[in-house]
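One file, upload.txt, carrying compact mmCIF, C-alpha atoms:
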```txt
# COMPACT_ATOMS: atom_id res chain seq x y z
CA MET A 1 0.00 0.00 0.00
CA ARG A 2 1.26 3.47 -0.88
CA VAL A 3 1.43 5.81 2.15
CA GLU A 4 1.22 9.54 1.50
CA THR A 5 0.71 12.73 3.45
CA PRO A 6 -2.63 14.25 2.45
CA ASP A 7 -2.96 17.88 1.44
CA ARG A 8 -4.31 19.61 4.53
CA GLY A 9 -4.36 23.04 2.91
CA ALA A 10 -7.60 22.45 1.03
CA VAL A 11 -9.84 22.38 4.12
CA ALA A 12 -13.04 24.17 3.22
CA GLU A 13 -14.87 23.84 6.53
CA PRO A 14 -12.29 24.59 9.24
CA LEU A 15 -12.87 23.35 12.77
CA PRO A 16 -11.20 24.71 15.89
CA SER A 17 -7.62 23.51 16.11
CA GLU A 18 -8.37 21.68 19.37
CA ALA A 19 -10.69 19.27 17.54
CA LEU A 20 -7.74 16.94 16.96
CA GLY A 21 -7.53 14.51 19.83
CA ARG A 22 -10.99 15.39 21.12
CA ARG A 23 -13.55 12.77 22.03
CA VAL A 24 -16.76 12.54 20.01
CA SER A 25 -19.99 10.57 19.96
CA CYS A 26 -21.52 9.32 16.72
CA ASP A 27 -24.75 7.35 16.66
CA GLY A 28 -24.25 6.29 20.26
CA GLU A 29 -20.64 5.10 19.75
CA ARG A 30 -17.62 6.93 21.20
CA ALA A 31 -14.41 7.69 19.32
CA THR A 32 -11.29 9.86 19.32
CA VAL A 33 -10.59 12.36 16.53
CA ARG A 34 -7.29 11.43 14.85
CA TYR A 35 -7.53 13.52 11.67
CA VAL A 36 -9.28 16.69 10.52
CA GLY A 37 -9.19 17.54 6.82
CA VAL A 38 -10.17 16.55 3.31
CA VAL A 39 -10.25 13.03 1.94
CA PRO A 40 -10.07 13.13 -1.89
CA PRO A 41 -11.82 12.59 -4.16
CA THR A 42 -14.83 13.62 -2.03
CA ALA A 43 -15.24 17.31 -1.27
CA GLY A 44 -15.62 18.91 2.13
CA LEU A 45 -14.28 18.35 5.61
CA TRP A 46 -13.95 14.95 7.26
CA LEU A 47 -13.08 13.74 10.72
CA GLY A 48 -10.91 10.67 10.89
CA VAL A 49 -11.92 8.86 14.08
CA GLU A 50 -10.68 5.84 15.98
CA TRP A 51 -13.57 4.03 17.60
CA ASP A 52 -13.48 2.71 21.16
CA ASP A 53 -15.03 -0.45 19.74
CA PRO A 54 -12.53 -1.64 17.10
CA LYS A 55 -15.26 -3.63 15.36
CA ARG A 56 -17.18 -0.44 14.65
CA GLY A 57 -14.81 0.92 11.99
CA LYS A 58 -14.00 0.06 8.38
CA HIS A 59 -10.23 0.55 8.03
CA ASP A 60 -6.98 1.40 9.84
CA GLY A 61 -6.89 5.10 8.95
CA SER A 62 -5.99 4.64 5.28
CA HIS A 63 -8.06 5.39 2.19
CA GLU A 64 -7.15 4.51 -1.40
CA GLY A 65 -3.49 4.01 -0.56
CA VAL A 66 -3.10 7.17 1.53
CA ARG A 67 -2.64 6.98 5.30
CA TYR A 68 -4.44 9.79 7.11
CA PHE A 69 -4.06 8.49 10.66
CA THR A 70 -3.17 5.31 12.52
CA CYS A 71 -5.32 2.93 14.57
CA ARG A 72 -4.48 0.28 17.11
CA PHE A 73 -6.72 -2.19 15.28
CA PRO A 74 -7.16 -2.80 11.52
CA THR A 75 -10.89 -2.04 11.62
CA GLY A 76 -10.80 0.70 14.25
CA GLY A 77 -11.06 3.74 11.97
CA SER A 78 -13.67 5.61 9.97
CA PHE A 79 -14.24 8.96 8.31
CA VAL A 80 -17.33 10.87 9.42
CA ARG A 81 -18.74 14.27 8.60
CA PRO A 82 -18.43 16.85 11.41
CA LYS A 83 -22.19 17.35 11.51
CA LYS A 84 -22.62 13.72 12.59
CA ALA A 85 -20.19 14.02 15.49
CA SER A 86 -21.09 15.39 18.92
CA PHE A 87 -18.22 16.93 20.88
CA GLY A 88 -20.33 16.83 24.04
CA MET A 89 -21.23 19.37 26.71
CA SER A 90 -20.10 20.67 30.06
CA TYR A 91 -20.71 19.00 33.41
CA VAL A 92 -23.35 21.54 34.43
CA ALA A 93 -25.05 21.47 31.02
CA ALA A 94 -25.35 17.70 31.36
CA LEU A 95 -26.80 18.13 34.85
CA ARG A 96 -29.43 20.50 33.56
CA GLN A 97 -30.26 18.32 30.57
CA ARG A 98 -30.67 15.34 32.80
CA TYR A 99 -32.81 17.31 35.20
CA GLU A 100 -35.07 18.16 32.28
CA GLY A 101 -35.43 14.45 31.48
CA ASP A 102 -33.16 14.02 28.49
CA VAL A 103 -33.63 10.48 27.17
CA GLY A 104 -29.90 10.09 26.64
CA CYS A 105 -29.27 9.80 30.38
CA VAL A 106 -31.17 7.28 32.44
CA ASP A 107 -32.43 8.33 35.86
CA GLY A 108 -32.27 6.11 38.92
CA GLU A 109 -29.71 3.79 37.37
CA LYS A 110 -27.76 1.18 39.32
CA LEU A 111 -24.01 1.23 38.81
CA LYS A 112 -22.01 -2.00 39.09
CA ILE A 113 -18.50 -1.42 40.44
CA SER A 114 -16.90 -4.85 40.23
CA THR A 115 -18.79 -6.82 42.89
CA ARG A 116 -20.44 -3.78 44.42
CA THR A 117 -23.74 -2.29 43.22
CA VAL A 118 -24.44 1.35 44.01
CA GLU A 119 -27.76 3.01 43.27
CA MET A 120 -27.07 6.49 41.96
CA VAL A 121 -29.45 9.34 42.67
CA GLY A 122 -31.18 10.52 39.51
CA PHE A 123 -33.02 13.69 38.74
CA GLU A 124 -36.51 12.59 37.82
CA ASP A 125 -37.95 13.38 41.23
CA LEU A 126 -35.49 15.90 42.66
CA SER A 127 -38.29 18.29 43.48
CA LYS A 128 -39.62 15.71 45.91
CA LYS A 129 -36.28 14.68 47.41
CA LYS A 130 -33.69 17.42 47.43
CA LYS A 131 -32.25 20.25 45.42
CA ILE A 132 -29.35 19.68 43.06
CA GLU A 133 -26.95 21.59 45.24
CA ASN A 134 -27.60 19.20 48.13
CA LEU A 135 -26.82 16.05 46.17
CA THR A 136 -24.05 13.84 47.52
CA SER A 137 -24.22 11.24 44.71
CA VAL A 138 -24.41 12.23 41.05
CA SER A 139 -24.43 9.98 37.99
CA LEU A 140 -23.83 11.47 34.54
CA ARG A 141 -23.02 8.15 32.92
CA GLY A 142 -23.17 8.38 29.13
CA CYS A 143 -24.19 12.04 29.13
CA GLU A 144 -21.39 13.25 26.79
CA VAL A 145 -19.62 15.32 29.45
CA ASN A 146 -16.42 16.85 28.02
CA GLY A 147 -15.33 19.23 30.77
CA PRO A 148 -16.40 21.48 33.64
CA GLY A 149 -17.86 24.49 31.85
CA PRO A 150 -17.50 28.07 33.15
CA GLU A 151 -15.11 28.64 36.05
CA ASN A 152 -16.38 27.55 39.49
CA GLU A 153 -19.76 26.51 38.06
CA VAL A 154 -19.31 22.89 39.19
CA ARG A 155 -18.53 24.02 42.75
CA GLN A 156 -21.52 26.33 42.82
CA THR A 157 -23.93 23.78 41.35
CA THR A 158 -23.03 20.55 43.21
CA PRO A 159 -20.75 21.46 46.13
CA ASN A 160 -21.63 18.45 48.29
CA VAL A 161 -20.89 15.57 45.91
CA VAL A 162 -19.13 12.62 47.52
CA SER A 163 -19.75 10.01 44.77
CA LEU A 164 -19.58 10.86 41.07
CA ASN A 165 -20.12 8.67 38.01
CA LEU A 166 -18.61 10.04 34.80
CA SER A 167 -18.37 6.69 33.01
CA GLY A 168 -18.85 6.56 29.25
CA ASN A 169 -18.37 10.27 28.56
CA LEU A 170 -16.25 12.42 26.23
CA LEU A 171 -13.44 13.43 28.57
CA CYS A 172 -10.17 13.19 26.65
CA CYS A 173 -7.52 13.62 29.33
CA TRP A 174 -6.91 13.61 33.09
CA GLU A 175 -6.66 17.40 33.02
CA ASP A 176 -10.33 17.50 31.95
CA VAL A 177 -11.26 15.22 34.84
CA ALA A 178 -9.22 17.25 37.34
CA SER A 179 -10.86 20.47 36.23
CA ILE A 180 -14.15 18.99 37.46
CA THR A 181 -13.02 17.13 40.55
CA LYS A 182 -10.91 19.97 41.96
CA GLN A 183 -14.21 21.81 42.50
CA LEU A 184 -15.62 18.87 44.48
CA GLU A 185 -13.51 19.00 47.63
CA GLY A 186 -15.45 16.21 49.36
CA LEU A 187 -15.29 13.73 46.46
CA GLN A 188 -14.43 10.20 47.64
CA GLU A 189 -15.76 7.90 44.89
CA LEU A 190 -15.17 8.46 41.17
CA GLN A 191 -16.30 6.25 38.27
CA LEU A 192 -14.43 6.85 35.01
CA SER A 193 -15.00 3.54 33.24
CA ASP A 194 -15.45 3.46 29.45
CA ASN A 195 -13.43 6.63 28.88
CA ARG A 196 -10.15 7.11 27.01
CA LEU A 197 -7.91 9.44 29.01
CA CYS A 198 -4.49 10.71 27.94
CA ILE A 199 -1.83 10.42 30.64
CA PRO A 200 -0.68 13.81 32.04
CA ALA A 201 2.95 14.84 31.71
CA ASP A 202 3.23 15.41 35.47
CA PRO A 203 0.46 13.56 37.36
CA GLN A 204 1.70 14.88 40.71
CA ASN A 205 0.57 18.37 39.69
CA LEU A 206 -3.04 17.15 39.60
CA ALA A 207 -3.02 15.49 43.04
CA HIS A 208 -4.85 18.45 44.59
CA ALA A 209 -7.89 17.56 42.46
CA PHE A 210 -8.18 14.08 44.03
CA ILE A 211 -7.01 14.82 47.55
CA ASN A 212 -9.86 12.93 49.29
CA LEU A 213 -10.44 10.24 46.66
CA ARG A 214 -10.80 6.74 48.14
CA VAL A 215 -12.51 4.72 45.35
CA LEU A 216 -11.68 4.85 41.63
CA ALA A 217 -13.11 2.77 38.76
CA LEU A 218 -11.19 2.67 35.47
CA ASN A 219 -12.83 -0.38 33.92
CA SER A 220 -12.68 -0.69 30.13
CA THR A 221 -10.42 2.32 29.63
CA ALA A 222 -7.70 0.53 27.58
CA VAL A 223 -5.05 1.26 30.22
CA ILE A 224 -2.01 -0.87 31.00
CA TRP A 225 -0.49 -1.28 34.46
CA SER A 226 2.50 0.99 33.80
CA GLU A 227 0.07 3.80 32.98
CA VAL A 228 -1.83 3.12 36.20
CA LEU A 229 1.41 3.48 38.14
CA ARG A 230 2.31 6.68 36.30
CA CYS A 231 -1.05 8.17 37.27
CA ALA A 232 -1.03 6.84 40.84
CA PRO A 233 0.66 9.93 42.39
CA MET A 234 -2.61 11.74 41.65
CA TRP A 235 -4.45 9.52 44.16
CA PRO A 236 -2.46 9.64 47.43
CA LEU A 237 -5.27 8.24 49.63
CA LEU A 238 -6.76 5.70 47.22
CA GLU A 239 -8.12 2.56 48.92
CA GLU A 240 -10.10 0.84 46.14
CA LEU A 241 -9.04 0.55 42.50
CA TYR A 242 -11.09 -1.19 39.79
CA VAL A 243 -9.25 -1.73 36.48
CA CYS A 244 -11.05 -4.76 35.06
CA GLU A 245 -11.42 -5.52 31.35
CA ASN A 246 -8.41 -3.51 30.23
CA GLU A 247 -5.16 -4.37 28.43
CA ILE A 248 -3.11 -5.27 31.49
CA THR A 249 -0.83 -8.21 30.75
CA GLU A 250 2.16 -7.30 32.91
CA LEU A 251 2.31 -6.01 36.47
CA HIS A 252 5.12 -3.85 37.80
CA ARG A 253 6.06 -3.16 41.40
CA PRO A 254 4.35 -0.05 42.85
CA LYS A 255 7.11 2.16 44.23
CA ASN A 256 5.88 4.72 46.75
CA VAL A 257 2.37 4.63 45.25
CA LEU A 258 -0.85 2.72 46.01
CA GLN A 259 0.42 1.93 49.50
CA ASN A 260 -3.03 2.56 51.03
CA LEU A 261 -4.77 0.23 48.58
CA LYS A 262 -7.17 -2.24 50.22
CA VAL A 263 -9.14 -3.45 47.18
CA LEU A 264 -7.78 -4.19 43.69
CA ASP A 265 -9.85 -5.58 40.82
CA LEU A 266 -7.77 -6.94 37.91
CA SER A 267 -10.45 -9.25 36.52
CA LYS A 268 -10.83 -9.78 32.77
CA ASN A 269 -7.22 -8.80 32.04
CA SER A 270 -5.06 -11.36 30.25
CA LEU A 271 -2.17 -11.60 32.68
CA ALA A 272 1.01 -13.16 31.32
CA GLY A 273 1.25 -15.62 34.22
CA GLY A 274 1.12 -16.20 37.94
CA ASN A 275 4.58 -14.71 38.45
CA GLU A 276 3.18 -11.30 37.52
CA LEU A 277 1.31 -11.28 40.83
CA LEU A 278 4.55 -11.29 42.78
CA ASN A 279 5.13 -7.71 41.62
CA ILE A 280 2.17 -6.50 43.67
CA ALA A 281 2.68 -8.92 46.56
CA GLU A 282 4.25 -6.28 48.81
CA LEU A 283 1.23 -3.97 48.90
CA PRO A 284 0.98 -3.73 52.70
CA ARG A 285 -2.76 -3.08 53.14
CA LEU A 286 -4.28 -5.05 50.25
CA GLU A 287 -7.19 -7.05 51.67
CA LYS A 288 -9.26 -7.94 48.60
CA LEU A 289 -7.93 -9.03 45.20
CA ASN A 290 -10.04 -10.03 42.19
CA LEU A 291 -8.17 -12.12 39.62
CA SER A 292 -11.19 -13.67 37.90
CA SER A 293 -10.92 -14.29 34.15
CA THR A 294 -7.21 -13.48 33.96
CA GLY A 295 -6.08 -16.81 32.51
CA LEU A 296 -4.32 -17.75 35.73
CA SER A 297 -3.17 -21.38 35.83
CA THR A 298 -0.18 -21.36 38.20
CA LEU A 299 0.81 -19.60 41.39
CA GLN A 300 3.89 -20.01 43.54
CA PHE A 301 5.32 -18.21 46.57
CA ASN A 302 8.95 -19.25 46.49
CA ASP A 303 10.07 -17.34 49.58
CA VAL A 304 8.96 -20.24 51.83
CA GLY A 305 8.58 -24.01 51.54
CA PRO A 306 5.52 -26.25 51.98
CA GLY A 307 3.65 -25.77 55.25
CA CYS A 308 5.08 -22.28 55.92
CA LYS A 309 3.53 -18.82 55.64
CA THR A 310 4.74 -16.39 52.99
CA ALA A 311 5.55 -12.75 53.63
CA MET A 312 3.74 -11.86 50.40
CA PHE A 313 0.26 -10.34 50.43
CA PRO A 314 0.43 -9.92 54.23
CA ALA A 315 -3.06 -8.44 54.62
CA LEU A 316 -4.94 -10.35 51.88
CA LYS A 317 -8.24 -11.70 53.25
CA PHE A 318 -10.38 -12.20 50.11
CA LEU A 319 -9.25 -13.66 46.80
CA SER A 320 -11.37 -14.30 43.71
CA LEU A 321 -10.05 -16.79 41.14
CA ASP A 322 -13.25 -17.53 39.22
CA ASP A 323 -13.18 -18.49 35.52
CA ASN A 324 -9.49 -19.26 35.24
CA ALA A 325 -7.39 -22.22 34.07
CA ILE A 326 -6.45 -23.69 37.46
CA SER A 327 -6.22 -27.46 37.13
CA GLU A 328 -3.69 -28.49 39.81
CA TRP A 329 -4.06 -28.80 43.57
CA SER A 330 -0.58 -27.33 43.90
CA VAL A 331 -2.14 -23.90 43.35
CA VAL A 332 -4.49 -24.47 46.30
CA ASN A 333 -1.52 -25.58 48.40
CA GLU A 334 0.17 -22.26 47.62
CA LEU A 335 -2.91 -20.39 48.84
CA GLU A 336 -2.43 -22.06 52.22
CA LYS A 337 0.79 -20.03 52.50
CA LEU A 338 -1.17 -16.74 52.62
CA ALA A 339 -1.17 -15.74 56.26
CA SER A 340 -4.42 -13.73 56.27
CA LEU A 341 -6.58 -15.48 53.64
CA GLN A 342 -10.13 -16.07 54.93
CA GLN A 343 -12.39 -15.99 51.85
CA LEU A 344 -11.84 -17.67 48.49
CA SER A 345 -13.94 -17.84 45.34
CA CYS A 346 -12.81 -20.39 42.75
CA HIS A 347 -15.83 -21.14 40.53
CA ARG A 348 -15.53 -22.56 37.02
CA ASN A 349 -11.94 -23.79 36.97
CA PRO A 350 -10.83 -27.15 35.48
CA LEU A 351 -9.89 -28.27 38.99
CA ILE A 352 -13.52 -27.96 40.05
CA GLU A 353 -14.70 -29.98 37.06
CA GLN A 354 -12.53 -33.03 37.68
CA ASP A 355 -14.03 -36.45 38.42
CA ARG A 356 -15.01 -35.73 42.02
CA THR A 357 -18.34 -34.70 43.43
CA PRO A 358 -18.75 -31.01 44.27
CA GLU A 359 -18.97 -31.99 47.94
CA THR A 360 -15.65 -33.85 47.85
CA THR A 361 -13.96 -31.00 45.97
CA ARG A 362 -15.19 -28.53 48.57
CA GLN A 363 -13.86 -30.77 51.35
CA LEU A 364 -10.43 -30.85 49.72
CA PHE A 365 -10.30 -27.04 49.49
CA ILE A 366 -11.28 -26.69 53.15
CA ALA A 367 -8.76 -29.29 54.32
CA ARG A 368 -5.90 -27.84 52.29
CA ILE A 369 -6.45 -24.20 53.43
CA GLY A 370 -6.55 -24.19 57.20
CA GLN A 371 -7.75 -20.66 57.89
CA LEU A 372 -10.48 -20.54 55.22
CA GLN A 373 -13.77 -19.18 56.59
CA VAL A 374 -15.79 -18.69 53.39
CA LEU A 375 -15.50 -20.77 50.20
CA ASN A 376 -17.42 -19.77 47.07
CA LYS A 377 -19.62 -17.44 49.14
CA SER A 378 -20.61 -20.24 51.53
CA GLU A 379 -19.43 -20.10 55.14
CA VAL A 380 -17.22 -22.92 56.37
CA MET A 381 -18.80 -24.07 59.62
CA ARG A 382 -16.77 -25.66 62.43
CA GLU A 383 -18.29 -29.11 61.98
CA GLU A 384 -17.81 -28.97 58.22
CA ARG A 385 -14.11 -28.24 58.69
CA LYS A 386 -13.74 -31.04 61.19
CA GLY A 387 -15.36 -33.54 58.82
CA ALA A 388 -13.37 -32.29 55.81
CA GLU A 389 -10.06 -32.65 57.60
CA LEU A 390 -10.89 -36.12 58.92
CA ASP A 391 -11.95 -37.34 55.47
CA TYR A 392 -8.82 -35.79 53.94
CA CYS A 393 -6.61 -37.72 56.35
CA LYS A 394 -8.44 -40.97 55.57
CA MET A 395 -8.33 -40.30 51.84
CA PHE A 396 -4.53 -39.97 51.67
CA CYS A 397 -3.47 -42.12 54.66
CA VAL A 398 -2.24 -45.08 52.60
CA MET A 399 -0.24 -42.76 50.33
CA TRP A 400 1.28 -41.12 53.42
CA LEU A 401 2.31 -44.46 54.92
CA GLY A 402 3.71 -45.62 51.60
CA SER A 403 5.88 -42.53 51.30
CA GLY A 404 7.55 -43.08 54.68
CA GLY A 405 4.93 -41.69 57.04
CA ASN A 406 4.44 -43.38 60.37
CA ARG A 407 1.99 -43.16 63.25
CA ASP A 408 5.00 -42.98 65.56
CA PRO A 409 6.12 -39.32 65.47
CA GLU A 410 9.77 -40.37 65.90
CA LEU A 411 9.57 -42.56 62.78
CA ASP A 412 7.39 -40.24 60.71
CA ARG A 413 9.48 -39.31 57.65
CA PRO A 414 7.26 -38.93 54.57
CA SER A 415 8.96 -38.18 51.27
CA GLY A 416 9.56 -34.65 50.09
CA GLU A 417 7.23 -35.31 47.16
CA PHE A 418 4.37 -36.23 49.50
CA VAL A 419 4.98 -33.19 51.72
CA GLU A 420 4.96 -30.94 48.65
CA GLN A 421 1.67 -32.44 47.44
CA HIS A 422 0.05 -32.45 50.90
CA PRO A 423 1.73 -29.76 53.03
CA ARG A 424 -0.97 -29.80 55.75
CA PHE A 425 -1.22 -33.55 56.10
CA GLN A 426 1.23 -34.04 58.96
CA SER A 427 -0.29 -31.23 61.03
CA LEU A 428 -3.74 -32.74 60.43
CA ILE A 429 -2.46 -36.17 61.46
CA ARG A 430 -1.21 -34.73 64.73
CA LYS A 431 -4.56 -33.00 65.17
CA THR A 432 -6.61 -36.14 64.58
CA ARG A 433 -4.29 -38.93 65.80
CA ARG A 434 -5.95 -39.26 69.20
CA THR A 435 -9.50 -39.52 67.92
CA VAL A 436 -9.46 -41.20 64.53
CA SER A 437 -8.41 -44.56 63.19
CA LEU A 438 -6.52 -44.10 59.92
CA THR A 439 -6.97 -47.63 58.60
CA ARG A 440 -9.55 -46.75 55.96
CA THR A 441 -8.48 -47.28 52.39
CA PRO A 442 -8.32 -44.19 50.15
CA LEU A 443 -11.47 -42.97 48.46
```
Could you express the structure from this file as structure tokens?
Amino acid sequence: MRVETPDRGAVAEPLPSEALGRRVSCDGERATVRYVGVVPPTAGLWLGVEWDDPKRGKHDGSHEGVRYFTCRFPTGGSFVRPKKASFGMSYVAALRQRYEGDVGCVDGEKLKISTRTVEMVGFEDLSKKKKIENLTSVSLRGCEVNGPGPENEVRQTTPNVVSLNLSGNLLCCWEDVASITKQLEGLQELQLSDNRLCIPADPQNLAHAFINLRVLALNSTAVIWSEVLRCAPMWPLLEELYVCENEITELHRPKNVLQNLKVLDLSKNSLAGGNELLNIAELPRLEKLNLSSTGLSTLQFNDVGPGCKTAMFPALKFLSLDDNAISEWSVVNELEKLASLQQLSCHRNPLIEQDRTPETTRQLFIARIGQLQVLNKSEVMREERKGAELDYCKMFCVMWLGSGGNRDPELDRPSGEFVEQHPRFQSLIRKTRRTVSLTRTPL
């Protein structure tokens, strides 16, 4: 294909110079303007756009052998007439339009933030509930917000906002976001999913705009982890970060950022492997980690051996591993090394679908992870644990004896292979030796 530079001097319908790089909406789909100019042989002005949905376009920014712009995907680009593109409206204009019942913004919607559902306050019955300026939760999801509007108008209109949803809008950079949030001094929760935001040159300079932010959702924003870390100085007090369904394949160690993080959602990112997790294992306050649908198949904490507790993820209490490729019990054995783990979700993995009953599989999870309190959203009761551990000992007793195990503690020397496969077995034997006969053949 021949690549040429188009003649930009023949533009007959000039747009403001800032149109390039701006976010637009066309027929309900969002895109970024990558080119403004003519596209011969047709007359008139065109916008070359890269769609958020790469299946929406027709080409990669080229037309009849001439490249006008570049796209990340071969079908991510299109040319549209300016009259078909909406460049959006200000925050306050969107508030007013929504208050007047614009059909483009749905009132009373429920917002899903990972596993949390928050009902946002709409505007359809504000006259009965409260005035706009008294609102603490505002949702302008999909309302084509592109910026704050006139100076201080956001502060004057909604000064009490604590939770704000700006998902699916036309904000093009973090500076646009900061120009809104800096006027909301009490803002603690911010939803920015389904946006495409350019990374600021110096994120630290925008930290004043997010000084009280505790919860941030950046789902489906096409970010990678290195960009998250570059932006992290903007959020010094952040406790919950949702970055699911992005392009995160590699994780890098957070250095002097995200140290207050308690909740991290990485679900629906194609992580390169279990070793990537070790790069975030030193986050000191992380209590909840969602790794569902990340392709995870292996996990190993090499700082300690079988039966010991790792120094990694010291505060982690809840872990979600649903919809992955876990097929080996060795992964479950590694989870036993986590000192604080109490709740585990592991639905729809090959390990669960092996030739055991669901009840037996659940028993094996409970027996292998000693401190587990909740498995797959079902509480592990005291009697259930007792029964699971007894059955586990009976199930693998013959294998233990065959590997060198012995009921006499002084002669008990099982093989290293057995200890690696069943790191809790000896402690369970000691726990049950006085009350249980271990003569039953394995199940």
* **Non-local contacts of region 86-97 of chain A (9 Å; all atoms listed in the file; under 2 positions in same chain excluded) as a VMD selection string** => chain A and resid 19 22 to 26 82 to 84 99 to 102 105 123 132 138 140 143 to 150 153 to 154 157 to 158 169 to 171 180
Could the residues in this selection be saved with C-alpha atoms as a PDB file, in the frame of the given file?
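Below you can see part.pdb, which holds the result:
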```pdb
ATOM      1  CA  ALA A  19     -10.690  19.270  17.540  1.00  0.00           C
ATOM      2  CA  ARG A  22     -10.990  15.390  21.120  1.00  0.00           C
ATOM      3  CA  ARG A  23     -13.550  12.770  22.030  1.00  0.00           C
ATOM      4  CA  VAL A  24     -16.760  12.540  20.010  1.00  0.00           C
ATOM      5  CA  SER A  25     -19.990  10.570  19.960  1.00  0.00           C
ATOM      6  CA  CYS A  26     -21.520   9.320  16.720  1.00  0.00           C
ATOM      7  CA  PRO A  82     -18.430  16.850  11.410  1.00  0.00           C
ATOM      8  CA  LYS A  83     -22.190  17.350  11.510  1.00  0.00           C
ATOM      9  CA  LYS A  84     -22.620  13.720  12.590  1.00  0.00           C
ATOM     10  CA  TYR A  99     -32.810  17.310  35.200  1.00  0.00           C
ATOM     11  CA  GLU A 100     -35.070  18.160  32.280  1.00  0.00           C
ATOM     12  CA  GLY A 101     -35.430  14.450  31.480  1.00  0.00           C
ATOM     13  CA  ASP A 102     -33.160  14.020  28.490  1.00  0.00           C
ATOM     14  CA  CYS A 105     -29.270   9.800  30.380  1.00  0.00           C
ATOM     15  CA  PHE A 123     -33.020  13.690  38.740  1.00  0.00           C
ATOM     16  CA  ILE A 132     -29.350  19.680  43.060  1.00  0.00           C
ATOM     17  CA  VAL A 138     -24.410  12.230  41.050  1.00  0.00           C
ATOM     18  CA  LEU A 140     -23.830  11.470  34.540  1.00  0.00           C
ATOM     19  CA  CYS A 143     -24.190  12.040  29.130  1.00  0.00           C
ATOM     20  CA  GLU A 144     -21.390  13.250  26.790  1.00  0.00           C
ATOM     21  CA  VAL A 145     -19.620  15.320  29.450  1.00  0.00           C
ATOM     22  CA  ASN A 146     -16.420  16.850  28.020  1.00  0.00           C
ATOM     23  CA  GLY A 147     -15.330  19.230  30.770  1.00  0.00           C
ATOM     24  CA  PRO A 148     -16.400  21.480  33.640  1.00  0.00           C
ATOM     25  CA  GLY A 149     -17.860  24.490  31.850  1.00  0.00           C
ATOM     26  CA  PRO A 150     -17.500  28.070  33.150  1.00  0.00           C
ATOM     27  CA  GLU A 153     -19.760  26.510  38.060  1.00  0.00           C
ATOM     28  CA  VAL A 154     -19.310  22.890  39.190  1.00  0.00           C
ATOM     29  CA  THR A 157     -23.930  23.780  41.350  1.00  0.00           C
ATOM     30  CA  THR A 158     -23.030  20.550  43.210  1.00  0.00           C
ATOM     31  CA  ASN A 169     -18.370  10.270  28.560  1.00  0.00           C
ATOM     32  CA  LEU A 170     -16.250  12.420  26.230  1.00  0.00           C
ATOM     33  CA  LEU A 171     -13.440  13.430  28.570  1.00  0.00           C
ATOM     34  CA  ILE A 180     -14.150  18.990  37.460  1.00  0.00           C
TER      35      ILE A 180
END
```
* To do: Enter the distance from CA of Trp225 (chain A) to CA of Leu278 (chain A), in Å, rounded to one decimal.
  =>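 Rounded to one decimal, the two atoms are 14.0 Å apart.
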* Asked: What is the CA of Asn195 (chain A) to CA of Thr181 (chain A) distance in Å?
  ->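 Going from CA of Asn195 (chain A) over to CA of Thr181 (chain A) covers 15.7 Å.
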* Could you tell me which of A:Ala325, A:Leu166, A:Tyr242, A:Ala367 comes closest to Arg348 (chain A) if we count only C-alpha atoms? => A:Ala325
* To do: Take CA of Leu338 (chain A) and CA of Phe425 (chain A) and report the distance between them in Å, one decimal.
  =>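 Between these atoms lies a distance of 17.2 Å.
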* Identify, on the basis of only C-alpha atoms, every residue whose closest approach to Phe301 (chain A) does not exceed 10 Å; exclude the query and any residue fewer than 5 positions from it along the same chain; express the result as a PyMOL selection string. => chain A and resi 274-275+277-278+281+306+309-312+331+334-335+337-338
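You can rank A:Gly307, A:Gly21, A:Gly76, A:Pro40 by their closest distance to Pro423 (chain A) using all atoms listed in the file, and at the top of that list sits A:Gly307.
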Residues near Ile211 (chain A), cut-off 9 Å, only C-alpha atoms, skip fewer than 2 positions along chain, as a PDB file with C-alpha atoms, in the coordinates of the input:
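Output below, filename around-v4.pdb:
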```pdb
ATOM      1  CA  LYS A 182     -10.910  19.970  41.960  1.00  0.00           C
ATOM      2  CA  GLU A 185     -13.510  19.000  47.630  1.00  0.00           C
ATOM      3  CA  GLY A 186     -15.450  16.210  49.360  1.00  0.00           C
ATOM      4  CA  LEU A 187     -15.290  13.730  46.460  1.00  0.00           C
ATOM      5  CA  GLN A 188     -14.430  10.200  47.640  1.00  0.00           C
ATOM      6  CA  ALA A 207      -3.020  15.490  43.040  1.00  0.00           C
ATOM      7  CA  HIS A 208      -4.850  18.450  44.590  1.00  0.00           C
ATOM      8  CA  ALA A 209      -7.890  17.560  42.460  1.00  0.00           C
ATOM      9  CA  LEU A 213     -10.440  10.240  46.660  1.00  0.00           C
ATOM     10  CA  ARG A 214     -10.800   6.740  48.140  1.00  0.00           C
ATOM     11  CA  MET A 234      -2.610  11.740  41.650  1.00  0.00           C
ATOM     12  CA  TRP A 235      -4.450   9.520  44.160  1.00  0.00           C
ATOM     13  CA  PRO A 236      -2.460   9.640  47.430  1.00  0.00           C
ATOM     14  CA  LEU A 237      -5.270   8.240  49.630  1.00  0.00           C
TER      15      LEU A 237
END
```
* Asked: Any idea what's packed within 8 Å of region 53-64 of chain A, counting only C-alpha atoms, ignoring anything in its chain fewer than 4 positions away? Could you give it as a list in words?
  ->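 Non-adjacent residues within range: Glu29, Arg30, Val39, Gly48, Tyr68, Phe69, Thr70, Cys71, Arg72, Phe73, Pro74, Thr75, Gly76, Gly77 and Ser78 of chain A.
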* To do: Using only C-alpha atoms, pick whichever of A:Glu384, A:Glu420, A:Glu250, A:Asp391 has the shortest atom-to-atom distance to Val228 (chain A).
  =>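 Going through A:Glu384, A:Glu420, A:Glu250, A:Asp391 one by one, the smallest distance to Val228 (chain A) is for A:Glu250.
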